[in-house]
>>> print(open('model25.txt').read())   # compact mmCIF, C-alpha atoms
# COMPACT_ATOMS: atom_id res chain seq x y z
CA LEU A 1 52.33 -24.49 -12.51
CA HIS A 2 55.18 -27.03 -12.66
CA TRP A 3 54.68 -27.84 -8.97
CA ARG A 4 50.96 -28.42 -9.57
CA LEU A 5 51.68 -30.80 -12.46
CA VAL A 6 54.14 -32.72 -10.28
CA LEU A 7 51.47 -33.13 -7.59
CA LEU A 8 49.00 -34.37 -10.20
CA ALA A 9 51.50 -36.89 -11.55
CA GLU A 10 52.11 -38.25 -8.04
CA SER A 11 48.41 -38.75 -7.28
CA PRO A 12 46.96 -42.30 -7.16
CA VAL A 13 44.65 -41.50 -10.08
CA MET A 14 47.71 -41.43 -12.35
CA SER A 15 49.22 -44.62 -10.86
CA PRO A 16 48.68 -47.87 -12.84
CA ALA A 17 49.60 -49.87 -9.73
CA ALA A 18 46.69 -48.36 -7.80
CA TRP A 19 44.27 -49.21 -10.60
CA ALA A 20 45.55 -52.78 -10.77
CA LEU A 21 45.28 -53.22 -7.00
CA LEU A 22 41.71 -51.89 -6.91
CA GLN A 23 40.62 -54.32 -9.63
CA ARG A 24 41.51 -57.29 -7.45
CA LYS A 25 38.73 -59.01 -5.50
CA THR A 26 40.84 -59.43 -2.36
CA SER A 27 40.03 -57.29 0.65
CA ASN A 28 42.79 -56.57 3.13
CA ALA A 29 44.16 -53.59 5.01
CA ARG A 30 46.43 -52.48 2.17
CA THR A 31 43.65 -52.66 -0.41
CA ARG A 32 41.28 -50.69 1.81
CA ALA A 33 43.96 -48.04 2.45
CA VAL A 34 44.63 -47.70 -1.28
CA ALA A 35 40.87 -47.51 -1.94
CA VAL A 36 40.40 -44.74 0.62
CA HIS A 37 43.37 -42.81 -0.77
CA PHE A 38 42.12 -43.29 -4.32
CA ASN A 39 38.57 -42.18 -3.50
CA THR A 40 39.91 -39.19 -1.56
CA THR A 41 41.93 -38.17 -4.59
CA VAL A 42 38.87 -38.51 -6.83
CA CYS A 43 36.83 -36.32 -4.46
CA VAL A 44 39.62 -33.75 -4.31
CA VAL A 45 39.87 -33.65 -8.11
CA GLY A 46 36.08 -33.27 -8.37
CA MET A 47 36.00 -30.42 -5.87
CA ASP A 48 38.99 -28.85 -7.61
CA LEU A 49 37.18 -28.94 -10.96
CA MET A 50 33.94 -27.51 -9.53
CA LEU A 51 35.74 -24.63 -7.82
CA GLY A 52 37.74 -24.02 -10.98
CA LEU A 53 34.62 -23.86 -13.14
CA ALA A 54 33.02 -21.45 -10.66
CA CYS A 55 36.10 -19.19 -10.74
CA CYS A 56 36.19 -19.44 -14.55
CA SER A 57 32.56 -18.37 -14.80
CA TYR A 58 33.11 -15.47 -12.39
CA ALA A 59 36.21 -14.25 -14.25
CA LEU A 60 34.50 -14.34 -17.64
CA THR A 61 31.37 -12.65 -16.28
CA HIS A 62 33.30 -9.81 -14.59
CA ALA A 63 36.09 -9.54 -17.16
CA ARG A 64 35.76 -5.77 -17.62
CA ALA A 65 35.91 -5.10 -13.87
CA LEU A 66 38.94 -7.39 -13.47
CA LEU A 67 40.81 -5.65 -16.28
CA LEU A 68 40.06 -2.25 -14.75
CA PHE A 69 41.21 -3.49 -11.35
CA THR A 70 44.45 -4.82 -12.88
CA ASP A 71 45.21 -1.45 -14.50
CA LEU A 72 44.49 0.47 -11.31
CA LEU A 73 46.57 -1.94 -9.23
CA SER A 74 49.54 -1.70 -11.59
CA GLU A 75 49.44 2.09 -11.61
CA ARG A 76 49.08 2.23 -7.84
CA VAL A 77 51.97 -0.13 -7.18
CA ASN A 78 54.30 1.75 -9.54
CA PHE A 79 53.21 5.08 -8.03
CA LEU A 80 53.97 3.89 -4.50
CA LEU A 81 57.28 2.43 -5.66
CA LEU A 82 58.27 5.78 -7.18
CA ILE A 83 57.30 7.55 -3.96
CA ALA A 84 59.43 5.15 -1.92
CA ILE A 85 62.46 5.63 -4.19
CA ARG A 86 62.12 9.41 -4.16
CA TRP A 87 61.83 9.27 -0.36
CA ILE A 88 65.09 7.31 -0.20
CA MET A 89 66.73 9.86 -2.52
CA GLY A 90 66.10 12.48 0.15
CA VAL A 91 66.91 11.96 3.83
CA PRO A 92 65.06 8.73 4.74
CA ALA A 93 64.39 8.46 8.47
CA GLY A 94 67.10 11.05 9.15
CA LEU A 95 69.89 9.00 7.52
CA LYS A 96 72.57 10.97 5.75
CA LEU A 97 73.31 9.06 2.56
CA ASN A 98 75.94 9.63 -0.08
CA ASP A 99 74.37 12.20 -2.39
CA HIS A 100 76.06 11.18 -5.64
CA LEU A 101 75.56 7.42 -5.23
CA ASP A 102 72.01 7.95 -3.96
CA PHE A 103 71.22 10.13 -6.99
CA CYS A 104 72.69 7.55 -9.38
CA LEU A 105 70.92 4.52 -7.86
CA GLY A 106 67.62 6.36 -7.48
CA ASN A 107 67.57 7.53 -11.08
CA LEU A 108 68.48 4.04 -12.32
CA CYS A 109 65.53 2.61 -10.38
CA ILE A 110 63.19 5.30 -11.70
CA LEU A 111 64.41 4.61 -15.24
CA GLY A 112 63.72 0.90 -14.74
CA ILE A 113 60.19 1.59 -13.50
CA GLN A 114 59.49 3.89 -16.43
CA CYS A 115 60.72 1.21 -18.85
CA TYR A 116 58.40 -1.26 -17.15
CA GLN A 117 55.49 1.16 -17.56
CA VAL A 118 56.25 1.50 -21.28
CA ILE A 119 56.34 -2.29 -21.69
CA TYR A 120 53.09 -2.61 -19.73
CA ARG A 121 51.34 -0.07 -21.98
CA TRP A 122 52.65 -1.93 -25.03
CA ALA A 123 51.34 -5.25 -23.68
CA GLN A 124 48.07 -3.80 -22.37
CA PRO A 125 46.05 -4.82 -25.49
CA LEU A 126 47.02 -8.44 -24.74
CA LEU A 127 45.53 -8.35 -21.23
CA PRO A 128 42.02 -9.49 -22.34
CA LEU A 129 43.60 -12.53 -24.01
CA VAL A 130 45.63 -13.26 -20.88
CA LEU A 131 42.49 -12.94 -18.76
CA VAL A 132 40.58 -15.35 -21.00
CA CYS A 133 43.41 -17.89 -20.95
CA THR A 134 43.70 -17.61 -17.16
CA ALA A 135 39.95 -18.00 -16.76
CA MET A 136 39.88 -21.01 -19.08
CA SER A 137 42.62 -22.64 -17.02
CA GLY A 138 40.01 -22.90 -14.27
CA ALA A 139 38.36 -25.63 -16.36
CA PHE A 140 41.29 -27.82 -15.30
CA GLY A 141 40.79 -26.98 -11.63
CA VAL A 142 41.11 -24.06 -9.28
CA THR A 143 44.63 -25.21 -8.35
CA VAL A 144 45.73 -24.80 -11.96
CA MET A 145 44.25 -21.31 -12.02
CA LEU A 146 46.07 -20.40 -8.80
CA SER A 147 49.32 -21.74 -10.25
CA VAL A 148 48.84 -19.68 -13.42
CA LEU A 149 48.08 -16.57 -11.36
CA SER A 150 51.25 -17.16 -9.31
CA ASP A 151 53.32 -17.38 -12.51
CA LEU A 152 51.65 -14.23 -13.88
CA LEU A 153 52.49 -12.43 -10.64
CA SER A 154 56.14 -13.40 -11.13
CA ILE A 155 56.05 -11.93 -14.64
CA ALA A 156 54.27 -8.77 -13.49
CA THR A 157 56.83 -8.14 -10.73
CA LEU A 158 59.86 -9.00 -12.84
CA HIS A 159 61.27 -5.48 -12.44
CA ILE A 160 61.13 -5.82 -8.65
CA TYR A 161 62.93 -9.16 -8.88
CA ILE A 162 65.65 -7.63 -11.10
CA PHE A 163 66.13 -4.71 -8.68
CA TYR A 164 66.29 -7.09 -5.74
CA SER A 165 68.77 -9.42 -7.47
CA LEU A 166 71.12 -6.56 -8.35
CA ALA A 167 70.85 -5.00 -4.89
CA ALA A 168 71.40 -8.35 -3.17
CA ARG A 169 74.42 -9.13 -5.35
CA TRP A 170 76.01 -5.74 -4.67
CA HIS A 171 75.21 -5.97 -0.95
CA GLY A 172 76.84 -9.41 -0.75
CA VAL A 173 79.97 -8.26 -2.59
CA GLN A 174 80.26 -5.17 -0.40
CA THR A 175 79.80 -7.18 2.80
CA LYS A 176 82.49 -9.70 1.77
CA ALA A 177 84.86 -6.86 0.87
CA LEU A 178 84.32 -5.19 4.24
CA THR A 179 84.91 -8.51 6.02
CA SER A 180 88.18 -9.08 4.15
CA LEU A 181 89.39 -5.52 4.82
CA TRP A 182 88.51 -5.89 8.51
CA ARG A 183 90.76 -8.98 8.64
CA LEU A 184 93.50 -6.90 7.01
CA PHE A 185 93.39 -4.43 9.93
CA ARG A 186 93.85 -7.32 12.37
CA GLY A 187 96.71 -8.82 10.40
CA LYS A 188 94.63 -11.81 9.30
CA LYS A 189 93.67 -13.40 6.01
CA ARG A 190 91.48 -16.27 4.96
CA ASN A 191 93.27 -19.44 3.88
CA VAL A 192 91.05 -20.79 1.13
CA LEU A 193 92.88 -24.11 0.83
CA ARG A 194 92.73 -24.97 4.55
CA GLY A 195 89.41 -23.19 5.18
CA ARG A 196 90.63 -21.17 8.18
CA ILE A 197 91.86 -17.70 9.20
CA ASP A 198 95.68 -17.37 9.34
CA SER A 199 97.99 -14.58 10.41
CA CYS A 200 99.63 -12.48 7.71
CA ASP A 201 102.18 -9.65 7.59
CA TYR A 202 101.06 -6.80 5.36
CA SER A 203 103.20 -4.01 3.99
CA ILE A 204 102.59 -0.32 4.63
CA ASP A 205 101.25 0.17 1.10
CA GLN A 206 98.78 -2.68 1.52
CA LEU A 207 97.57 -1.31 4.85
CA LEU A 208 97.19 2.19 3.39
CA LEU A 209 95.25 0.93 0.37
CA GLY A 210 93.10 -1.28 2.62
CA THR A 211 92.34 1.69 4.87
CA LEU A 212 91.23 3.81 1.93
CA LEU A 213 89.02 1.07 0.51
CA PHE A 214 87.54 0.26 3.92
CA THR A 215 86.69 3.91 4.58
CA LEU A 216 85.13 4.27 1.15
CA LEU A 217 82.96 1.14 1.50
CA VAL A 218 81.91 2.01 5.06
CA PHE A 219 80.60 5.43 4.02
CA LEU A 220 78.83 3.97 0.97
CA PHE A 221 77.35 1.01 2.86
CA PRO A 222 74.25 2.81 4.32
CA THR A 223 73.21 4.02 0.85
CA THR A 224 73.37 0.60 -0.79
CA PHE A 225 71.84 -1.10 2.26
CA VAL A 226 68.76 1.16 2.18
CA TYR A 227 68.05 0.20 -1.44
CA TYR A 228 68.68 -3.46 -0.67
CA LEU A 229 66.29 -3.28 2.29
CA LEU A 230 63.55 -1.65 0.19
CA PHE A 231 63.63 -4.27 -2.55
CA PHE A 232 64.02 -7.07 -0.03
CA VAL A 233 60.75 -6.00 1.61
CA LEU A 234 59.01 -5.77 -1.78
CA ARG A 235 60.32 -9.15 -2.88
CA SER A 236 59.26 -10.67 0.44
CA ALA A 237 55.75 -9.29 -0.02
CA VAL A 238 55.53 -10.91 -3.46
CA GLY A 239 56.88 -14.14 -2.02
CA MET A 240 54.26 -14.10 0.74
CA ILE A 241 51.46 -13.76 -1.84
CA GLN A 242 52.89 -16.64 -3.88
CA GLY A 243 53.34 -18.65 -0.69
CA ALA A 244 49.68 -18.12 0.16
CA ALA A 245 48.74 -19.40 -3.32
CA ARG A 246 50.94 -22.48 -2.85
CA LEU A 247 49.33 -23.04 0.56
CA MET A 248 45.84 -22.95 -0.97
CA VAL A 249 46.92 -25.37 -3.70
CA ALA A 250 48.35 -27.74 -1.09
CA ALA A 251 45.22 -27.42 1.05
CA VAL A 252 43.00 -28.41 -1.88
CA ASN A 253 45.29 -31.27 -2.92
CA TYR A 254 45.70 -32.82 0.52
CA LEU A 255 42.23 -32.23 1.95
CA PRO A 256 40.94 -35.66 3.12
CA ILE A 257 37.36 -35.18 1.97
CA PHE A 258 36.46 -38.83 1.42
CA ALA A 259 38.04 -39.96 4.70
CA VAL A 260 36.09 -37.32 6.65
CA LEU A 261 32.82 -38.20 4.92
CA LEU A 262 33.46 -41.90 5.52
CA ARG A 263 34.09 -41.25 9.20
CA LEU A 264 30.93 -39.14 9.48
CA VAL A 265 28.83 -41.84 7.78
CA ASP A 266 30.25 -44.56 10.01
>>> encode(input="model25.txt", output="C-alpha cells")
Amino acid sequence: LHWRLVLLAESPVMSPAAWALLQRKTSNARTRAVAVHFNTTVCVVGMDLMLGLACCSYALTHARALLLFTDLLSERVNFLLLIAIRWIMGVPAGLKLNDHLDFCLGNLCILGIQCYQVIYRWAQPLLPLVLVCTAMSGAFGVTVMLSVLSDLLSIATLHIYIFYSLAARWHGVQTKALTSLWRLFRGKKRNVLRGRIDSCDYSIDQLLLGTLLFTLLVFLFPTTFVYYLLFFVLRSAVGMIQGAARLMVAAVNYLPIFAVLLRLVD
C-alpha cells in the first residue's frame, strides 16, 4: 500500500508545476508532452476507479462465498503444511536425517502452526469486517485494493515468514561456522582487519575441538537444510503472488491509454 501511495504522489495529477504549465496559453513541445502525460494519468486514474468499483461491487455481492473460500483455503494450506513437515520428520526422499534434531524442529513447526490456527479461529469473527474494508478500498481504485490484498497476504502468512527467517538465520550461521572450520583444517584464518585469508598455526587442542565441531555440524547440516529449503520454497511462492500483484498495479499505473487512443484517432 505504501508503494501505491508513492506512485500516486509522483503522478502529474498531484504536481502543482504540471497544473501551472497546462494553464499557460503557449503551445510548444514541452507543453504538449506534459499535456499528454497529464491526460494519460487522468485516464489511468479513471480506469483504476472504474475497475475498483466493479471489484468492490463483486466482493460485496459475493461476500459469503469469499469468506467460505478464505476459510477453506486457510485450512487447506495449513493441512498441506502439516503434511510436508510430517513427511520431513520421516525419511524425505531417502535422506537419513538426525532423528533427535528432526523431531525437535518438526514439533516446533507443528506447534507454531497450531498456534496460528488458534489465532485464526480467534480472529475469524473479524473476517467479515476485513472483507468489507478491503472491498471498500476498491472505491479508491483497483490498485489500492490489490495493495491491501498484498498486505493482508503478508499478515496471513506471517507464520511462514517467521519460520523462514529462523531457518535462514540458522542456515547462515551454520554455513559460516562450517566455512571457518574448513579454513582451520587448512591452517588458514580470516583476517578481518585486512579483509583476506592468512596462514595460522593452530595447537593440537584447537584442531581437535575444530574437528569435533566440524563433524557435528556436517552431520546436522542436512536436517537443517531440508527445513530451510521447505520454508524457502513457501516464502518464494508467497513472494511470487505478491510480485504478480505489484506487476498488475504497475501495469495499471503505467498503461498509456490516452497516448494509444490519441494515436488511433490521428
>>> residues_around(input="model25.txt", residues="Val249 (chain A)", least_positions_apart="4", cutoff="8 Å", atoms="all atoms listed in the file", output="JSON, numbers by chain")
{"A": [4, 143, 146, 147, 245, 253]}
>>> residues_near_point(input="model25.txt", point="(97.6, -9.4, 10.3)", cutoff="7 Å", atoms="all atoms listed in the file", output="list in words")
Leu184, Phe185, Arg186, Gly187, Lys188, Ser199, Cys200, Asp201 and Tyr202 of chain A
>>> atom_distance(input="model25.txt", atom1="CA of Pro92 (chain A)", atom2="CA of Thr215 (chain A)")
22.2 Å
>>> residues_near_point(input="model25.txt", point="(61.7, 6.2, -11.6)", cutoff="9 Å", atoms="only C-alpha atoms", output="list in words")
Asn78, Leu81, Leu82, Ile83, Ile85, Arg86, Gly106, Asn107, Leu108, Cys109, Ile110, Leu111, Gly112, Ile113, Gln114 and Cys115 of chain A
>>> residues_around(input="model25.txt", residues="Tyr120 (chain A)", least_positions_apart="6", cutoff="10 Å", atoms="all atoms listed in the file", output="list in words")
Asp71, Ser74, Gln114, Leu126, Leu127 and Ala156 of chain A
>>> atom_distance(input="model25.txt", atom1="CA of Val142 (chain A)", atom2="CA of Ile241 (chain A)")
16.4 Å
>>> closest_residue(input="model25.txt", among="A:Ala167, A:Ile88, A:Ala135, A:Val252", to="Ala59 (chain A)", atoms="all atoms listed in the file")
A:Ala135
>>> closest_atom_pairs(input="model25.txt", of="region 24-113 of chain A", to="region 221-239 of chain A", cutoff="7 Å", atoms="all atoms listed in the file", output="Markdown table")
| residue | atom | partner | partner_atom | distance |
| --- | --- | --- | --- | --- |
| A:Leu97 | CA | A:Thr223 | CA | 5.3 |
| A:Asn98 | CA | A:Thr223 | CA | 6.3 |
| A:Asp102 | CA | A:Thr223 | CA | 6.3 |
>>> atom_distance(input="model25.txt", atom1="CA of Gly141 (chain A)", atom2="CA of Met50 (chain A)")
7.2 Å
>>> closest_residue(input="model25.txt", among="A:Trp170, A:Pro128, A:Leu217, A:Lys176", to="Leu68 (chain A)", atoms="all atoms listed in the file")
A:Pro128
>>> axis_aligned_box(input="model25.txt", around="region 137-147 of chain A", padding_each_side="8 Å", output="AutoDock Vina command-line options")
--center_x 43.8 --center_y -24.1 --center_z -12.7 --size_x 27.0 --size_y 23.4 --size_z 24.7
>>> closest_residue(input="model25.txt", among="A:Ser165, A:Gln206, A:Ser57, A:Thr157", to="Leu131 (chain A)", atoms="all atoms listed in the file")
A:Ser57
>>> closest_residue(input="model25.txt", among="A:Leu166, A:Val144, A:Leu255, A:Leu60", to="Leu129 (chain A)", atoms="only C-alpha atoms")
A:Leu60
